[in-house]
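Listing of final31.txt; format and content: compact mmCIF, C-alpha atoms.
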```
# COMPACT_ATOMS: atom_id res chain seq x y z
CA MET A 1 -24.90 106.27 174.58
CA ALA A 2 -21.29 105.05 174.55
CA ALA A 3 -18.82 106.80 176.81
CA GLN A 4 -16.18 108.95 175.11
CA PRO A 5 -12.56 108.08 175.95
CA LEU A 6 -10.81 110.68 178.11
CA LEU A 7 -7.70 110.66 175.93
CA ASP A 8 -7.20 110.05 172.24
CA SER A 9 -4.52 107.40 171.89
CA LYS A 10 -3.27 105.03 169.17
CA GLN A 11 -0.64 102.34 169.22
CA THR A 12 1.02 100.01 166.76
CA VAL A 13 3.70 97.36 166.63
CA GLU A 14 5.88 97.05 163.53
CA VAL A 15 9.19 95.54 162.56
CA VAL A 16 11.58 98.36 161.66
CA ARG A 17 14.83 97.24 160.03
CA GLY A 18 14.44 93.80 161.62
CA ILE A 19 13.64 95.11 165.13
CA ARG A 20 10.22 94.82 166.82
CA THR A 21 9.15 98.40 167.50
CA GLU A 22 6.21 99.67 169.54
CA VAL A 23 4.79 103.17 169.05
CA VAL A 24 2.11 104.81 171.19
CA CYS A 25 0.81 108.35 170.59
CA THR A 26 -1.51 110.06 173.08
CA ALA A 27 -3.01 113.55 172.77
CA PHE A 28 -3.44 115.62 175.92
CA ALA A 29 -4.94 119.13 175.97
CA ASN A 30 -1.66 120.98 175.43
CA THR A 31 0.93 118.23 174.90
CA LEU A 32 1.40 115.09 172.84
CA LEU A 33 3.03 111.99 174.30
CA VAL A 34 4.92 109.81 171.83
CA VAL A 35 6.50 106.56 173.02
CA VAL A 36 8.84 104.74 170.62
CA THR A 37 10.51 101.62 171.98
CA GLN A 38 12.55 98.74 170.65
CA TYR A 39 13.32 97.50 174.18
CA GLY A 40 9.80 97.31 175.66
CA LYS A 41 10.49 100.20 178.07
CA MET A 42 10.12 103.95 177.93
CA GLY A 43 13.84 104.75 177.92
CA THR A 44 14.98 108.37 177.61
CA LEU A 45 12.36 111.06 178.18
CA VAL A 46 12.79 114.18 176.02
CA SER A 47 10.76 117.39 176.01
CA VAL A 48 10.41 118.87 172.51
CA GLU A 49 9.17 122.46 172.59
CA PRO A 50 8.49 124.81 169.67
CA ASP A 51 9.97 128.24 170.39
CA VAL A 52 8.33 131.57 169.65
CA VAL A 53 8.59 132.28 165.93
CA ALA A 54 10.06 135.58 164.79
CA ASP A 55 8.18 137.46 162.08
CA GLY A 56 8.83 136.12 158.61
CA MET A 57 9.91 132.62 159.66
CA SER A 58 7.71 129.83 158.38
CA LYS A 59 8.82 127.10 160.82
CA PRO A 60 9.35 127.47 164.56
CA LEU A 61 12.65 126.67 166.18
CA ILE A 62 12.61 123.49 168.23
CA THR A 63 14.18 123.13 171.68
CA THR A 64 14.90 119.69 173.09
CA LYS A 65 15.61 118.92 176.72
CA VAL A 66 16.39 115.52 178.20
CA LEU A 67 14.26 115.08 181.32
CA LEU A 68 15.29 111.50 182.19
CA GLY A 69 18.08 109.42 180.74
CA GLU A 70 21.41 110.00 179.10
CA ASP A 71 21.82 113.54 177.76
CA GLU A 72 23.94 113.09 174.65
CA PRO A 73 23.88 114.87 171.25
CA LEU A 74 22.48 111.86 169.35
CA VAL A 75 19.43 111.82 171.64
CA HIS A 76 18.62 115.44 170.73
CA ILE A 77 19.13 114.76 167.01
CA CYS A 78 16.88 111.69 167.05
CA ALA A 79 14.19 113.51 169.05
CA ARG A 80 14.10 116.45 166.64
CA HIS A 81 13.87 114.23 163.59
CA LEU A 82 11.24 111.95 165.10
CA VAL A 83 8.71 114.52 166.36
CA THR A 84 9.32 117.99 164.85
CA SER A 85 6.76 117.31 162.13
CA VAL A 86 4.34 115.96 164.76
CA SER A 87 4.58 119.21 166.71
CA GLN A 88 4.07 121.30 163.58
CA GLU A 89 1.12 119.26 162.31
CA ALA A 90 -0.51 119.57 165.74
CA GLY A 91 -0.35 123.38 165.66
CA ASN A 92 3.06 123.68 167.35
CA LYS A 93 2.13 121.69 170.43
CA SER A 94 4.78 120.51 172.84
CA VAL A 95 5.76 116.86 172.56
CA LEU A 96 6.96 114.58 175.32
CA LEU A 97 8.97 111.82 173.65
CA ALA A 98 9.94 108.59 175.36
CA MET A 99 12.38 106.61 173.24
CA ALA A 100 14.39 103.45 173.67
CA LEU A 101 16.04 102.68 170.34
CA LYS A 102 18.45 99.96 169.28
CA ASP A 103 18.71 101.35 165.73
CA LYS A 104 19.49 105.08 165.51
CA SER A 105 20.51 105.02 161.84
CA VAL A 106 19.18 107.61 159.38
CA GLU A 107 17.10 104.93 157.64
CA GLY A 108 15.72 103.69 160.94
CA ILE A 109 14.73 107.19 162.08
CA GLN A 110 13.05 107.91 158.72
CA THR A 111 11.05 104.68 158.97
CA LEU A 112 10.08 105.51 162.56
CA GLN A 113 8.82 108.93 161.43
CA GLU A 114 6.37 107.17 159.11
CA VAL A 115 5.24 104.76 161.83
CA ILE A 116 4.62 107.72 164.18
CA ARG A 117 2.58 109.50 161.49
CA ARG A 118 0.36 106.41 161.15
CA CYS A 119 -0.44 106.69 164.88
CA ARG A 120 -1.70 110.22 164.35
CA VAL A 121 -3.93 111.55 167.16
CA TRP A 122 -3.36 115.26 166.54
```

Full structure transcribed into structure tokens:
Amino acid sequence: MAAQPLLDSKQTVEVVRGIRTEVVCTAFANTLLVVVTQYGKMGTLVSVEPDVVADGMSKPLITTKVLLGEDEPLVHICARHLVTSVSQEAGNKSVLLAMALKDKSVEGIQTLQEVIRRCRVW
């Protein structure tokens, strides 16, 4: 009988808008870890938490908090766009996002969303 892995994890390497990009997604019991790097390092660490949903709202509000790295508005915007759908698809799990991006353009973020979805472990 083959041993089951302790954690479900997937990774991929793709060229996104001319930049080599690595993505790793790992599912823990109550949190997902998503690493997106174009520098080969973890970079800024952001906690993405779904808030309690009020009655009648279909989508939860998302709170982002920079745990390590530069706390600037663009970091929060990128984090929300990259992993909000991941959190929702996983049943509103918390996501710990590590990102080190050279390209933070709208097109780059949209492409990265698709790459993250292909590494689905939730």

Show me, as a ChimeraX atom specification, the residues that have an atom within 8 Å of Gly69 (chain A) when counting all atoms listed in the file, minus same-chain residues fewer than 2 positions from it.
/A:43-45,66-67,71

CA of Glu89 (chain A) to CA of Thr12 (chain A), distance in Å rounded to a single decimal:
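Computing the Euclidean distance for CA of Glu89 (chain A) and CA of Thr12 (chain A) yields 19.8 Å.
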
Please provide the set of residues having any atom within 8 Å of region 31-36 of chain A, restricted to all atoms listed in the file, with same-chain residues fewer than 5 positions apart removed, written as number ranges by chain.
A: 21-26, 42, 93-101, 116, 122

To one decimal in Å, tell me the separation between CA of Val121 (chain A) and CA of Phe28 (chain A).
9.7 Å

Separation of CA of Gln110 (chain A) from CA of Asp51 (chain A), in Å and rounded to one decimal
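Taking CA of Gln110 (chain A) as the start and CA of Asp51 (chain A) as the end point, the length is 23.6 Å.
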
Taking (9.9, 94.8, 160.3) in the coordinates of the supplied file, I want to know which residues reach to within 12 Å of it, counting only C-alpha atoms; could you give the answer as a list of chain:residue names?
A:Val13, A:Glu14, A:Val15, A:Val16, A:Arg17, A:Gly18, A:Ile19, A:Arg20, A:Thr21, A:Glu22, A:Gln38, A:Gly108, A:Thr111, A:Leu112, A:Val115

Give as JSON, numbers by chain every residue, naming chains and numbers as the document does, that has an atom within 8 Å of (11.1, 120.5, 172.5), counting only C-alpha atoms.
{"A": [46, 47, 48, 49, 50, 62, 63, 64, 65, 80, 94, 95, 96]}

Point out the residue among A:Val83, A:Asp8, A:Glu72, A:Lys102 with the least atom-to-atom distance to Gly40 (chain A), counting only C-alpha atoms.
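Closest candidate: A:Lys102.
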
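Here the question is which of A:Arg120, A:Lys104, A:Lys10, A:Lys41 gets nearest to His76 (chain A) using all atoms listed in the file, and that residue is A:Lys104.
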
Taking only C-alpha atoms into account, which of A:Cys78, A:Tyr39, A:Gln11, A:Pro60 comes nearest Gly91 (chain A)?
A:Pro60

Taking all atoms listed in the file into account, which of A:Cys119, A:Leu61, A:Leu68, A:Leu6 comes nearest Thr84 (chain A)?
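Using all atoms listed in the file, Thr84 (chain A) sits closest to A:Leu61.
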